[in-house]
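Undergrad: Next comes the structure file target24.tsv, holding TSV, C-alpha atoms and all ligand atoms.
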```tsv
chain	number	residue	atom	x	y	z
A	1	MET	CA	118.25	259.61	193.72
A	2	ALA	CA	114.47	259.19	193.55
A	3	ASP	CA	113.06	258.70	190.05
A	4	ALA	CA	110.00	257.12	188.46
A	5	LEU	CA	111.29	253.68	189.41
A	6	THR	CA	111.67	254.44	193.12
A	7	PRO	CA	108.87	252.72	195.04
A	8	THR	CA	106.79	255.08	197.15
A	9	LYS	CA	104.14	254.66	199.84
A	10	GLN	CA	101.55	255.72	197.27
A	11	GLN	CA	101.50	252.22	195.76
A	12	LYS	CA	100.79	250.71	199.19
A	13	PHE	CA	103.35	247.95	198.80
A	14	THR	CA	102.99	245.45	201.62
A	15	PHE	CA	104.46	242.11	202.65
A	16	GLY	CA	103.07	239.41	204.92
A	17	LEU	CA	105.16	238.46	207.95
A	18	TRP	CA	105.15	234.99	206.39
A	19	THR	CA	106.71	236.21	203.12
A	20	VAL	CA	110.03	237.84	203.98
A	21	GLY	CA	109.92	235.79	207.18
A	22	ASN	CA	109.80	232.53	205.18
A	23	ILE	CA	112.53	230.20	206.43
A	24	GLY	CA	112.92	228.12	203.28
A	25	ARG	CA	111.20	224.95	204.43
A	26	ASP	CA	109.55	222.86	201.72
A	27	PRO	CA	107.81	219.47	201.75
A	28	PHE	CA	111.17	217.78	201.08
A	29	GLY	CA	113.61	219.92	203.01
A	30	GLU	CA	114.32	221.55	206.35
A	31	PRO	CA	114.59	225.33	206.83
A	32	THR	CA	117.56	227.07	205.25
A	33	ARG	CA	117.18	230.34	207.18
A	34	GLN	CA	116.98	231.03	210.93
A	35	GLY	CA	113.54	232.27	211.94
A	36	LEU	CA	113.11	235.99	212.70
A	37	ASN	CA	110.59	237.28	215.23
A	38	PRO	CA	107.85	239.68	214.04
A	39	ALA	CA	109.69	242.80	215.21
A	40	GLN	CA	112.84	241.68	213.37
A	41	ILE	CA	110.81	241.10	210.21
A	42	VAL	CA	109.42	244.63	210.47
A	43	ASP	CA	112.98	245.94	210.91
A	44	LEU	CA	114.02	244.06	207.78
A	45	LEU	CA	111.16	245.59	205.79
A	46	GLY	CA	112.07	248.99	207.17
A	47	GLN	CA	115.37	248.60	205.30
A	48	CYS	CA	113.53	248.10	202.01
A	49	GLU	CA	112.65	251.60	200.83
A	50	GLY	CA	109.09	252.08	199.62
A	51	THR	CA	107.47	249.46	201.86
A	52	TYR	CA	104.15	250.73	203.16
A	53	GLY	CA	102.96	248.01	205.44
A	54	VAL	CA	102.98	244.53	206.82
A	55	ASN	CA	100.26	241.88	207.13
A	56	PHE	CA	99.91	238.84	209.35
A	57	HIS	CA	97.98	235.73	210.26
A	58	ASP	CA	97.07	235.65	213.95
A	59	ASN	CA	99.74	233.01	214.56
A	60	ASP	CA	102.46	234.74	212.53
A	61	LEU	CA	102.33	237.33	215.27
A	62	ILE	CA	101.25	235.37	218.34
A	63	PRO	CA	102.08	231.63	218.40
A	64	ILE	CA	98.96	229.51	218.86
A	65	ASP	CA	100.05	228.37	222.33
A	66	ALA	CA	101.55	231.64	223.62
A	67	THR	CA	100.72	232.64	227.20
A	68	PRO	CA	98.94	235.99	227.77
A	69	ALA	CA	102.21	237.45	229.09
A	70	GLN	CA	104.13	236.31	226.01
A	71	ALA	CA	101.43	237.68	223.72
A	72	ALA	CA	101.54	241.07	225.47
A	73	GLN	CA	105.33	241.27	225.06
A	74	ILE	CA	105.22	240.30	221.37
A	75	LYS	CA	102.55	242.90	220.65
A	76	LYS	CA	104.52	245.59	222.47
A	77	ASP	CA	107.72	244.81	220.52
A	78	PHE	CA	105.83	244.61	217.25
A	79	LYS	CA	104.10	247.97	217.76
A	80	LYS	CA	107.43	249.57	218.59
A	81	ALA	CA	109.02	248.12	215.44
A	82	LEU	CA	106.11	249.47	213.38
A	83	ARG	CA	106.59	252.94	214.85
A	84	ASP	CA	110.38	252.84	214.46
A	85	ASN	CA	110.13	251.84	210.81
A	86	GLY	CA	107.11	253.96	209.86
A	87	LEU	CA	105.09	250.95	208.69
A	88	VAL	CA	101.39	250.20	209.09
A	89	VAL	CA	99.43	246.97	209.38
A	90	SER	CA	97.19	247.04	206.34
A	91	MET	CA	95.65	243.56	206.43
A	92	ALA	CA	95.10	240.76	208.90
A	93	THR	CA	93.98	237.19	208.45
A	94	THR	CA	93.55	233.93	210.35
A	95	ASN	CA	95.62	230.81	210.11
A	96	LEU	CA	92.94	228.18	209.50
A	97	PHE	CA	95.30	225.68	207.88
A	98	SER	CA	98.43	224.83	209.93
A	99	ASP	CA	97.07	223.23	213.06
A	100	PRO	CA	96.05	219.54	212.86
A	101	VAL	CA	92.56	220.52	214.02
A	102	PHE	CA	92.02	221.96	210.52
A	103	LYS	CA	93.21	218.87	208.65
A	104	ASP	CA	89.77	218.48	207.09
A	105	GLY	CA	88.84	222.13	206.82
A	106	ALA	CA	87.77	224.97	209.08
A	107	PHE	CA	84.47	226.58	208.08
A	108	THR	CA	83.65	223.53	205.95
A	109	SER	CA	84.77	220.85	208.38
A	110	ASN	CA	82.39	217.93	208.86
A	111	ASN	CA	82.66	218.51	212.61
A	112	ALA	CA	80.40	221.24	214.05
A	113	SER	CA	82.77	221.87	216.96
A	114	ILE	CA	85.69	222.44	214.58
A	115	ARG	CA	83.54	224.83	212.52
A	116	ALA	CA	82.72	226.72	215.72
A	117	TYR	CA	86.40	226.77	216.73
A	118	ALA	CA	87.32	228.20	213.33
A	119	VAL	CA	84.78	231.01	213.67
A	120	GLN	CA	85.95	231.70	217.23
A	121	LYS	CA	89.59	231.80	216.06
A	122	CYS	CA	88.63	234.34	213.40
A	123	MET	CA	86.83	236.51	215.94
A	124	ARG	CA	90.02	236.64	218.02
A	125	ALA	CA	92.17	237.25	214.95
A	126	MET	CA	89.87	240.11	213.95
A	127	GLU	CA	90.30	241.68	217.34
A	128	LEU	CA	94.09	241.33	217.09
A	129	GLY	CA	94.10	242.84	213.60
A	130	ALA	CA	91.90	245.72	214.70
A	131	GLU	CA	94.23	246.44	217.62
A	132	MET	CA	97.06	246.83	215.08
A	133	GLY	CA	95.00	249.07	212.82
A	134	ALA	CA	94.00	246.67	210.04
A	135	LYS	CA	90.83	247.46	208.09
A	136	MET	CA	91.13	244.61	205.60
A	137	PHE	CA	90.60	241.00	206.57
A	138	VAL	CA	91.54	238.18	204.20
A	139	PHE	CA	90.08	234.69	204.07
A	140	TRP	CA	92.16	232.06	202.33
A	141	GLY	CA	90.50	228.70	202.78
A	142	GLY	CA	93.61	226.60	202.33
A	143	ARG	CA	92.10	223.50	203.94
A	144	GLU	CA	88.54	224.02	202.75
A	145	GLY	CA	88.36	221.12	200.36
A	146	VAL	CA	88.74	217.39	199.87
A	147	GLU	CA	90.97	214.71	198.46
A	148	SER	CA	87.91	212.57	197.76
A	149	ASP	CA	84.39	213.81	197.19
A	150	ALA	CA	83.22	210.80	199.20
A	151	THR	CA	84.26	212.71	202.31
A	152	LYS	CA	82.23	215.90	202.15
A	153	CYS	CA	79.15	217.22	200.42
A	154	PRO	CA	80.25	220.11	198.17
A	155	VAL	CA	76.86	221.84	198.35
A	156	GLU	CA	76.87	221.60	202.14
A	157	ALA	CA	80.41	223.03	202.13
A	158	ILE	CA	79.25	226.18	200.36
A	159	LYS	CA	76.40	226.60	202.84
A	160	ARG	CA	78.76	226.14	205.81
A	161	PHE	CA	81.24	228.65	204.38
A	162	ARG	CA	78.48	231.21	203.83
A	163	GLU	CA	77.15	230.74	207.35
A	164	ALA	CA	80.58	231.39	208.87
A	165	ILE	CA	81.14	234.53	206.81
A	166	ASP	CA	77.69	235.91	207.56
A	167	PHE	CA	78.36	235.40	211.27
A	168	LEU	CA	81.74	237.14	211.07
A	169	CYS	CA	80.37	240.08	209.10
A	170	GLU	CA	77.84	240.65	211.86
A	171	TYR	CA	80.57	240.29	214.45
A	172	SER	CA	82.72	242.90	212.71
A	173	ILE	CA	79.77	245.28	212.54
A	174	SER	CA	78.84	244.70	216.19
A	175	GLN	CA	82.42	245.40	217.31
A	176	LYS	CA	82.76	248.42	214.99
A	177	PHE	CA	86.00	247.00	213.54
A	178	GLY	CA	85.22	248.57	210.19
A	179	TYR	CA	86.59	245.58	208.30
A	180	LYS	CA	86.20	244.74	204.64
A	181	PHE	CA	86.55	241.03	203.90
A	182	ALA	CA	88.58	239.80	200.93
A	183	PHE	CA	88.36	236.17	199.77
A	184	GLU	CA	91.34	234.48	198.18
A	185	ALA	CA	90.81	231.56	195.79
A	186	LYS	CA	93.15	228.68	195.03
A	187	PRO	CA	92.39	225.51	193.06
A	188	ASN	CA	94.45	222.99	195.04
A	189	GLU	CA	97.43	222.61	197.41
A	190	PRO	CA	97.48	221.87	200.24
A	191	ARG	CA	94.20	220.01	199.57
A	192	GLY	CA	93.71	217.79	196.55
A	193	HIS	CA	90.79	220.03	195.58
A	194	ILE	CA	89.98	223.34	197.24
A	195	TYR	CA	86.47	224.78	197.16
A	196	PHE	CA	86.09	228.22	195.52
A	197	ALA	CA	88.85	227.30	193.10
A	198	VAL	CA	89.06	230.60	191.23
A	199	THR	CA	88.37	234.26	191.94
A	200	GLY	CA	85.18	234.01	189.89
A	201	SER	CA	83.85	231.43	192.38
A	202	TYR	CA	83.95	234.04	195.12
A	203	LEU	CA	82.51	236.72	192.85
A	204	ALA	CA	79.54	234.37	192.43
A	205	LEU	CA	79.28	233.73	196.18
A	206	ILE	CA	79.40	237.35	197.32
A	207	PRO	CA	75.92	238.42	196.13
A	208	THR	CA	74.45	235.50	198.14
A	209	LEU	CA	75.96	236.72	201.42
A	210	ALA	CA	74.10	238.67	204.09
A	211	HIS	CA	76.54	241.60	203.75
A	212	PRO	CA	77.77	241.64	200.15
A	213	GLU	CA	78.81	245.29	200.49
A	214	MET	CA	81.50	244.28	203.02
A	215	CYS	CA	82.94	241.53	200.86
A	216	GLY	CA	85.30	241.41	197.90
A	217	VAL	CA	88.24	239.37	196.65
A	218	ASN	CA	91.99	239.05	197.10
A	219	PRO	CA	93.21	237.33	193.93
A	220	GLU	CA	96.73	235.91	193.80
A	221	VAL	CA	98.69	235.64	190.54
A	222	ALA	CA	100.10	232.18	191.24
A	223	HIS	CA	96.78	230.68	192.25
A	224	GLU	CA	95.14	231.32	188.88
A	225	HIS	CA	98.28	230.55	186.87
A	226	MET	CA	98.53	227.15	188.62
A	227	ALA	CA	95.22	226.35	186.98
A	228	GLY	CA	96.40	227.64	183.61
A	229	LEU	CA	94.06	230.64	183.74
A	230	ASN	CA	94.56	234.23	182.64
A	231	PHE	CA	94.96	236.12	185.92
A	232	VAL	CA	94.47	239.53	184.32
A	233	HIS	CA	90.98	238.51	183.26
A	234	GLN	CA	90.11	237.36	186.79
A	235	VAL	CA	91.27	240.68	188.19
A	236	ALA	CA	89.32	242.52	185.50
A	237	ALA	CA	86.15	240.65	186.53
A	238	ALA	CA	86.71	241.75	190.12
A	239	LEU	CA	87.45	245.34	189.16
A	240	GLU	CA	84.40	245.54	186.94
A	241	GLN	CA	82.24	244.50	189.89
A	242	LYS	CA	84.09	246.91	192.21
A	243	LYS	CA	85.18	243.91	194.23
A	244	LEU	CA	88.95	244.10	194.00
A	245	PHE	CA	89.65	244.82	197.67
A	246	HIS	CA	93.22	243.53	197.88
A	247	ILE	CA	95.72	241.74	195.64
A	248	ASP	CA	98.52	239.20	196.12
A	249	LEU	CA	101.35	239.75	193.66
A	250	ASN	CA	103.86	237.00	192.96
A	251	ASP	CA	104.79	234.77	190.04
A	252	GLN	CA	104.61	231.22	188.92
A	253	GLU	CA	105.40	228.94	186.02
A	254	PHE	CA	102.12	227.70	184.53
A	255	GLY	CA	100.89	224.31	185.63
A	256	ARG	CA	103.33	223.88	188.51
A	257	TYR	CA	102.93	223.73	192.28
A	258	ASP	CA	102.44	227.02	194.13
A	259	GLN	CA	105.89	228.50	193.61
A	260	ASP	CA	105.35	231.97	195.12
A	261	PHE	CA	108.17	233.46	193.04
A	262	ARG	CA	109.12	237.14	193.10
A	263	PHE	CA	106.59	239.28	191.20
A	264	GLY	CA	107.29	239.44	187.46
A	265	SER	CA	110.13	236.91	187.57
A	266	ALA	CA	108.47	234.13	185.56
A	267	ASN	CA	105.91	235.76	183.25
A	268	PRO	CA	106.82	239.43	182.78
A	269	LYS	CA	104.34	239.89	179.93
A	270	HIS	CA	101.40	238.83	182.10
A	271	ALA	CA	102.79	240.94	184.93
A	272	PHE	CA	102.92	243.94	182.59
A	273	PHE	CA	99.26	243.65	181.61
A	274	LEU	CA	98.35	243.20	185.25
A	275	VAL	CA	100.18	246.34	186.37
A	276	LYS	CA	98.73	248.24	183.43
A	277	LEU	CA	95.23	247.12	184.41
A	278	LEU	CA	95.71	248.08	188.06
A	279	GLU	CA	97.22	251.45	187.19
A	280	ASP	CA	94.76	252.32	184.40
A	281	SER	CA	91.81	251.39	186.63
A	282	GLY	CA	92.95	253.64	189.47
A	283	TYR	CA	93.01	250.71	191.93
A	284	SER	CA	93.83	252.25	195.29
A	285	GLY	CA	94.05	249.23	197.60
A	286	ALA	CA	97.17	247.62	198.98
A	287	ARG	CA	99.49	245.68	196.69
A	288	GLN	CA	100.75	242.78	198.73
A	289	PHE	CA	103.72	240.73	197.61
A	290	ASP	CA	102.70	237.25	198.68
A	291	ALA	CA	105.87	235.51	197.67
A	292	HIS	CA	109.12	234.43	199.21
A	293	ALA	CA	112.79	234.44	198.37
A	294	TYR	CA	114.50	231.37	196.95
A	295	ARG	CA	115.45	228.71	199.43
A	296	GLN	CA	119.10	229.49	198.66
A	297	SER	CA	118.88	233.13	199.81
A	298	ASP	CA	120.22	234.53	203.06
A	299	TYR	CA	118.52	237.57	204.66
A	300	GLU	CA	120.63	240.03	202.67
A	301	ASP	CA	119.25	238.38	199.55
A	302	VAL	CA	115.74	238.33	201.07
A	303	LYS	CA	115.97	242.14	201.15
A	304	GLU	CA	116.93	242.06	197.48
A	305	PHE	CA	113.85	239.92	196.91
A	306	ALA	CA	111.63	242.52	198.61
A	307	ARG	CA	113.26	245.47	196.86
A	308	GLY	CA	113.13	243.64	193.54
A	309	SER	CA	109.40	242.96	193.94
A	310	MET	CA	108.65	246.66	194.32
A	311	ARG	CA	111.13	247.73	191.66
A	312	THR	CA	109.67	245.36	189.09
A	313	TYR	CA	106.22	246.76	189.78
A	314	MET	CA	107.52	250.31	189.31
A	315	ILE	CA	109.32	249.34	186.09
A	316	LEU	CA	106.15	247.79	184.69
A	317	LYS	CA	104.18	250.84	185.78
A	318	GLU	CA	106.60	253.00	183.81
A	319	LYS	CA	106.30	250.63	180.82
A	320	ALA	CA	102.51	250.95	181.01
A	321	ARG	CA	102.86	254.72	180.95
A	322	ARG	CA	105.07	254.47	177.84
A	323	TRP	CA	102.62	252.09	176.18
A	324	ASN	CA	99.75	254.49	176.84
A	325	ALA	CA	101.78	257.43	175.52
A	326	ASP	CA	103.10	255.66	172.42
A	327	LYS	CA	101.62	257.38	169.35
A	328	GLU	CA	101.95	254.37	167.07
A	329	ILE	CA	100.30	252.06	169.60
A	330	GLN	CA	97.50	254.54	170.19
A	331	GLY	CA	97.01	254.87	166.44
A	332	LEU	CA	96.60	251.11	166.14
A	333	LEU	CA	94.14	251.04	169.03
A	334	LYS	CA	92.09	253.67	167.27
A	335	GLN	CA	92.16	251.68	164.07
A	336	ILE	CA	91.01	248.41	165.62
A	337	ASN	CA	88.22	249.89	167.72
A	338	VAL	CA	85.77	250.54	164.91
A	339	GLU	CA	83.01	252.88	166.06
A	340	GLU	CA	79.56	253.08	164.51
A	341	GLN	CA	77.44	255.46	166.60
A	342	LEU	CA	74.01	254.51	165.30
A	343	LEU	CA	74.51	250.77	165.64
A	344	SER	CA	76.07	251.07	169.08
A	345	LYS	CA	73.05	253.02	170.23
A	346	LEU	CA	70.72	250.45	168.74
A	347	VAL	CA	72.15	247.48	170.63
A	348	ARG	CA	72.88	249.34	173.86
A	349	ARG	CA	69.38	248.75	175.23
A	350	PHE	CA	66.66	246.40	174.14
A	351	SER	CA	63.33	247.79	172.98
A	352	PRO	CA	60.90	246.27	170.49
A	353	GLY	CA	61.65	249.22	168.18
A	354	ASN	CA	65.43	248.72	168.41
A	355	ALA	CA	65.02	244.99	167.82
A	356	LYS	CA	62.98	245.69	164.69
A	357	LYS	CA	65.49	248.24	163.42
A	358	LEU	CA	68.38	245.86	164.05
A	359	LEU	CA	66.66	243.06	162.17
A	360	ASN	CA	66.15	245.42	159.26
A	361	THR	CA	69.77	246.59	159.20
A	362	GLU	CA	71.94	245.31	156.38
A	363	LEU	CA	75.21	243.96	157.89
A	364	ASP	CA	77.55	242.51	155.30
A	365	ARG	CA	79.54	239.83	157.12
A	366	LYS	CA	82.00	239.38	154.26
A	367	ARG	CA	82.87	243.06	154.20
A	368	LEU	CA	83.06	243.18	158.00
A	369	ALA	CA	85.45	240.23	158.09
A	370	GLN	CA	87.86	242.20	155.89
A	371	ALA	CA	88.48	245.03	158.36
A	372	PRO	CA	92.23	244.88	159.13
A	373	LEU	CA	93.37	243.77	162.60
A	374	PRO	CA	97.14	244.35	162.71
A	375	TYR	CA	97.55	242.48	165.98
A	376	GLU	CA	100.99	241.12	165.16
A	377	LYS	CA	102.18	244.69	164.82
A	378	LEU	CA	100.46	245.77	168.02
A	379	ASP	CA	101.88	242.89	170.02
A	380	GLN	CA	105.37	243.40	168.57
A	381	LEU	CA	105.28	247.08	169.59
A	382	THR	CA	104.11	245.97	173.04
A	383	MET	CA	107.04	243.55	173.29
A	384	GLU	CA	109.43	246.28	172.18
A	385	VAL	CA	108.18	248.51	174.96
A	386	LEU	CA	108.63	245.60	177.36
A	387	MET	CA	112.09	244.68	176.06
A	388	GLY	CA	113.22	248.23	176.56
A	389	ILE	CA	113.94	249.50	173.08
A	390	ARG	CA	110.82	251.61	172.74
A	401	LIG	C1	99.56	231.22	202.56
A	401	LIG	C2	98.99	231.20	201.18
A	401	LIG	C3	98.72	232.55	200.68
A	401	LIG	C4	97.66	233.28	201.44
A	401	LIG	C5	98.03	233.56	202.84
A	401	LIG	C6	96.85	234.15	203.54
A	401	LIG	S1	98.71	232.22	203.63
A	401	LIG	O1	100.89	231.67	202.52
A	401	LIG	O2	99.87	230.50	200.33
A	401	LIG	O3	98.40	232.55	199.33
A	401	LIG	O4	97.49	234.54	200.84
A	401	LIG	O5	96.16	233.24	204.32
A	402	MN	MN	98.11	234.72	198.81
A	403	MN	MN	100.42	231.29	196.94
```
Can you turn what I pasted into structure tokens?

TA:
Amino acid sequence: MADALTPTKQQKFTFGLWTVGNIGRDPFGEPTRQGLNPAQIVDLLGQCEGTYGVNFHDNDLIPIDATPAQAAQIKKDFKKALRDNGLVVSMATTNLFSDPVFKDGAFTSNNASIRAYAVQKCMRAMELGAEMGAKMFVFWGGREGVESDATKCPVEAIKRFREAIDFLCEYSISQKFGYKFAFEAKPNEPRGHIYFAVTGSYLALIPTLAHPEMCGVNPEVAHEHMAGLNFVHQVAAALEQKKLFHIDLNDQEFGRYDQDFRFGSANPKHAFFLVKLLEDSGYSGARQFDAHAYRQSDYEDVKEFARGSMRTYMILKEKARRWNADKEIQGLLKQINVEEQLLSKLVRRFSPGNAKKLLNTELDRKRLAQAPLPYEKLDQLTMEVLMGIR
């Protein structure tokens, strides 16, 4: 029976073909699952109630060396599977990291022909995505970086990246694709150091682009946690600038390699504040689960992974609702947010008069320091909501 924990299309829960289609290969071990074709992956997602859509890299759908006839057949089967399962393609992207040609980067490669090839590959990927109905296009520069700064000029790399994006924005406009671009940061892996290491790096780049209005970010939980950062704050920065276009939900132990664990499975407290932020802000974009099942799982368990991802989100959404409705918590919030109308007005906007008034205001720092901040109590109540007894 449907209840508040049943995932619905309203949350726009999506999965990349590469997520539930992950075959369990890692740098030390061979695949543990047989590969599924794109249509089979869509069928699998169709069995996970609440899934809204599916996303792909160009080569998740069409292998890089497919013949035109093979490509046509794959697209036909994929479209049929989408129709049969009532799923949409909500985002598309380009694989600019797997092929050896990109071993030293795509847009930031030291080789002008490779940079041109990368842009050309994106143009084709954009066309493929548009054919499937995508309006969001993600850029994850997995190979845009270095192992040694002797090999590439980091200032030049930024300029090259900007040039490629400016070109592709114009291309999207000229083809009337209607795309929004979302940039995804990561600090390292697979490169020793990746440029645009955190979401904030892209937020700084966007205003320097030719079409900033088309561009936003696609932050991923694991990518900021790898660097020991507070992901919620990165997402807040994007939201505050109206630049949160897409989000990759997964989980990760701090300081480890990119684990891509099921959402909420490693750090439920951080996941709670993230869901609360997304829900309270009215974020209406897709929520992609960019994670994969454990290497030990078979496809039955992969479905449990997908269902669990959505269910955890819904549980945390319900917890956020409880937190917001909790009278004691709200009372504490009121107590700690000390309002002083006149002073707030004074510092809201600079004027010589306000500056003078502020300098003449008596502010007793010793008295101010004594205002109670019962944060232990507030956090304990939060944990009690999270642990299910409140
Ligand atoms: C790759 C990466 C992800 C990115 C994908 C988009 S590909 O799986 O680890 O974080 O979102 O290019
Ligand atoms: Mn991602
Ligand atoms: Mn990742």

Undergrad: Identify which of the residues A:Gln34, A:Asn230, A:Asn188, A:Gln73 lies closest to Glu144 in chain A, counting only C-alpha atoms when measuring atom-to-atom distances.

TA: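 With only C-alpha atoms as the atom set, the closest residue is A:Asn188.
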
Undergrad: Check every protein, DNA and RNA residue against ligand LIG 401 (chain A), keep those with an atom at most 9 Å away (counting only C-alpha atoms and all ligand atoms), and present them as an mmCIF file with C-alpha atoms, in the coordinates of the input.

TA:
```
data_model
loop_
_atom_site.group_PDB
_atom_site.id
_atom_site.type_symbol
_atom_site.label_atom_id
_atom_site.label_comp_id
_atom_site.auth_asym_id
_atom_site.auth_seq_id
_atom_site.Cartn_x
_atom_site.Cartn_y
_atom_site.Cartn_z
ATOM 1 C CA GLY A 16 103.070 239.410 204.920
ATOM 2 C CA TRP A 18 105.150 234.990 206.390
ATOM 3 C CA THR A 19 106.710 236.210 203.120
ATOM 4 C CA PHE A 56 99.910 238.840 209.350
ATOM 5 C CA HIS A 57 97.980 235.730 210.260
ATOM 6 C CA ALA A 92 95.100 240.760 208.900
ATOM 7 C CA THR A 93 93.980 237.190 208.450
ATOM 8 C CA THR A 94 93.550 233.930 210.350
ATOM 9 C CA ASN A 95 95.620 230.810 210.110
ATOM 10 C CA LEU A 96 92.940 228.180 209.500
ATOM 11 C CA PHE A 97 95.300 225.680 207.880
ATOM 12 C CA VAL A 138 91.540 238.180 204.200
ATOM 13 C CA PHE A 139 90.080 234.690 204.070
ATOM 14 C CA TRP A 140 92.160 232.060 202.330
ATOM 15 C CA GLY A 141 90.500 228.700 202.780
ATOM 16 C CA GLY A 142 93.610 226.600 202.330
ATOM 17 C CA GLU A 184 91.340 234.480 198.180
ATOM 18 C CA ALA A 185 90.810 231.560 195.790
ATOM 19 C CA LYS A 186 93.150 228.680 195.030
ATOM 20 C CA GLU A 189 97.430 222.610 197.410
ATOM 21 C CA PRO A 190 97.480 221.870 200.240
ATOM 22 C CA ASN A 218 91.990 239.050 197.100
ATOM 23 C CA PRO A 219 93.210 237.330 193.930
ATOM 24 C CA GLU A 220 96.730 235.910 193.800
ATOM 25 C CA ALA A 222 100.100 232.180 191.240
ATOM 26 C CA HIS A 223 96.780 230.680 192.250
ATOM 27 C CA ASP A 248 98.520 239.200 196.120
ATOM 28 C CA ASP A 258 102.440 227.020 194.130
ATOM 29 C CA ASP A 260 105.350 231.970 195.120
ATOM 30 C CA ASP A 290 102.700 237.250 198.680
ATOM 31 C CA ALA A 291 105.870 235.510 197.670
#
```

Undergrad: Tell me which of A:Gly192, A:Leu82, A:Pro187, A:Leu239 sits closest to Glu224 in chain A, counting all atoms listed in the file.

TA: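 Once distances to Glu224 in chain A are computed over all atoms listed in the file, the minimum belongs to A:Pro187.
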
Undergrad: Kindly give the distance, in Å, that separates CA of Ala69 in chain A and CA of Ser174 in chain A, rounded to a single decimal.

TA: 27.7 Å

Undergrad: Give the answer as one residue: which of A:Met136, A:Leu249, A:Met91, A:Ile206 has the shortest atom-to-atom distance to ligand MN 403 (chain A), using all atoms listed in the file?

TA: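 Of A:Met136, A:Leu249, A:Met91, A:Ile206, the one nearest ligand MN 403 (chain A), counting all atoms listed in the file, is A:Leu249.
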
Undergrad: Draw an axis-aligned box over all listed atoms of range 253-256 of chain A, pad each side with 3 Å, and write its centre and edge lengths in Å, one decimal, as AutoDock Vina command-line options.

TA:
```
--center_x 103.1 --center_y 226.4 --center_z 186.5 --size_x 10.5 --size_y 11.1 --size_z 10.0
```

Undergrad: Could you list, as number ranges by chain, every residue within 12 Å of Asn111 in chain A, counting all atoms listed in the file and ignoring same-chain residues fewer than 4 positions away?

TA: A: 101-107, 115-118, 151-152, 157, 160

Undergrad: So, with only C-alpha atoms and all ligand atoms as the atoms that count, which of A:Gln288, A:Ser109, A:Gln370, A:Gln234 lies closest to ligand MN 402 (chain A)?

TA: A:Gln288

Undergrad: For CA of Tyr375 in chain A and CA of Trp323 in chain A, determine how far apart the two atoms are, in Å to one decimal place.

TA: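 Separation of CA of Tyr375 in chain A and CA of Trp323 in chain A: 14.9 Å.
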
Undergrad: Return the single residue from A:Arg33, A:Lys159, A:Lys79, A:His246 that is closest to ligand MN 402 (chain A), with distances computed using only C-alpha atoms and all ligand atoms.

TA: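 Closest to ligand MN 402 (chain A) of all the choices is A:His246.
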
Undergrad: Residues at most 12 Å from Phe137 in chain A, counting all atoms listed in the file, excluding those fewer than 2 positions away in the same chain, as a PyMOL selection string?

TA: chain A and resi 55-58+89-95+122-123+125-130+133-135+139-140+165+168-169+172+177-184+214-218+245-246
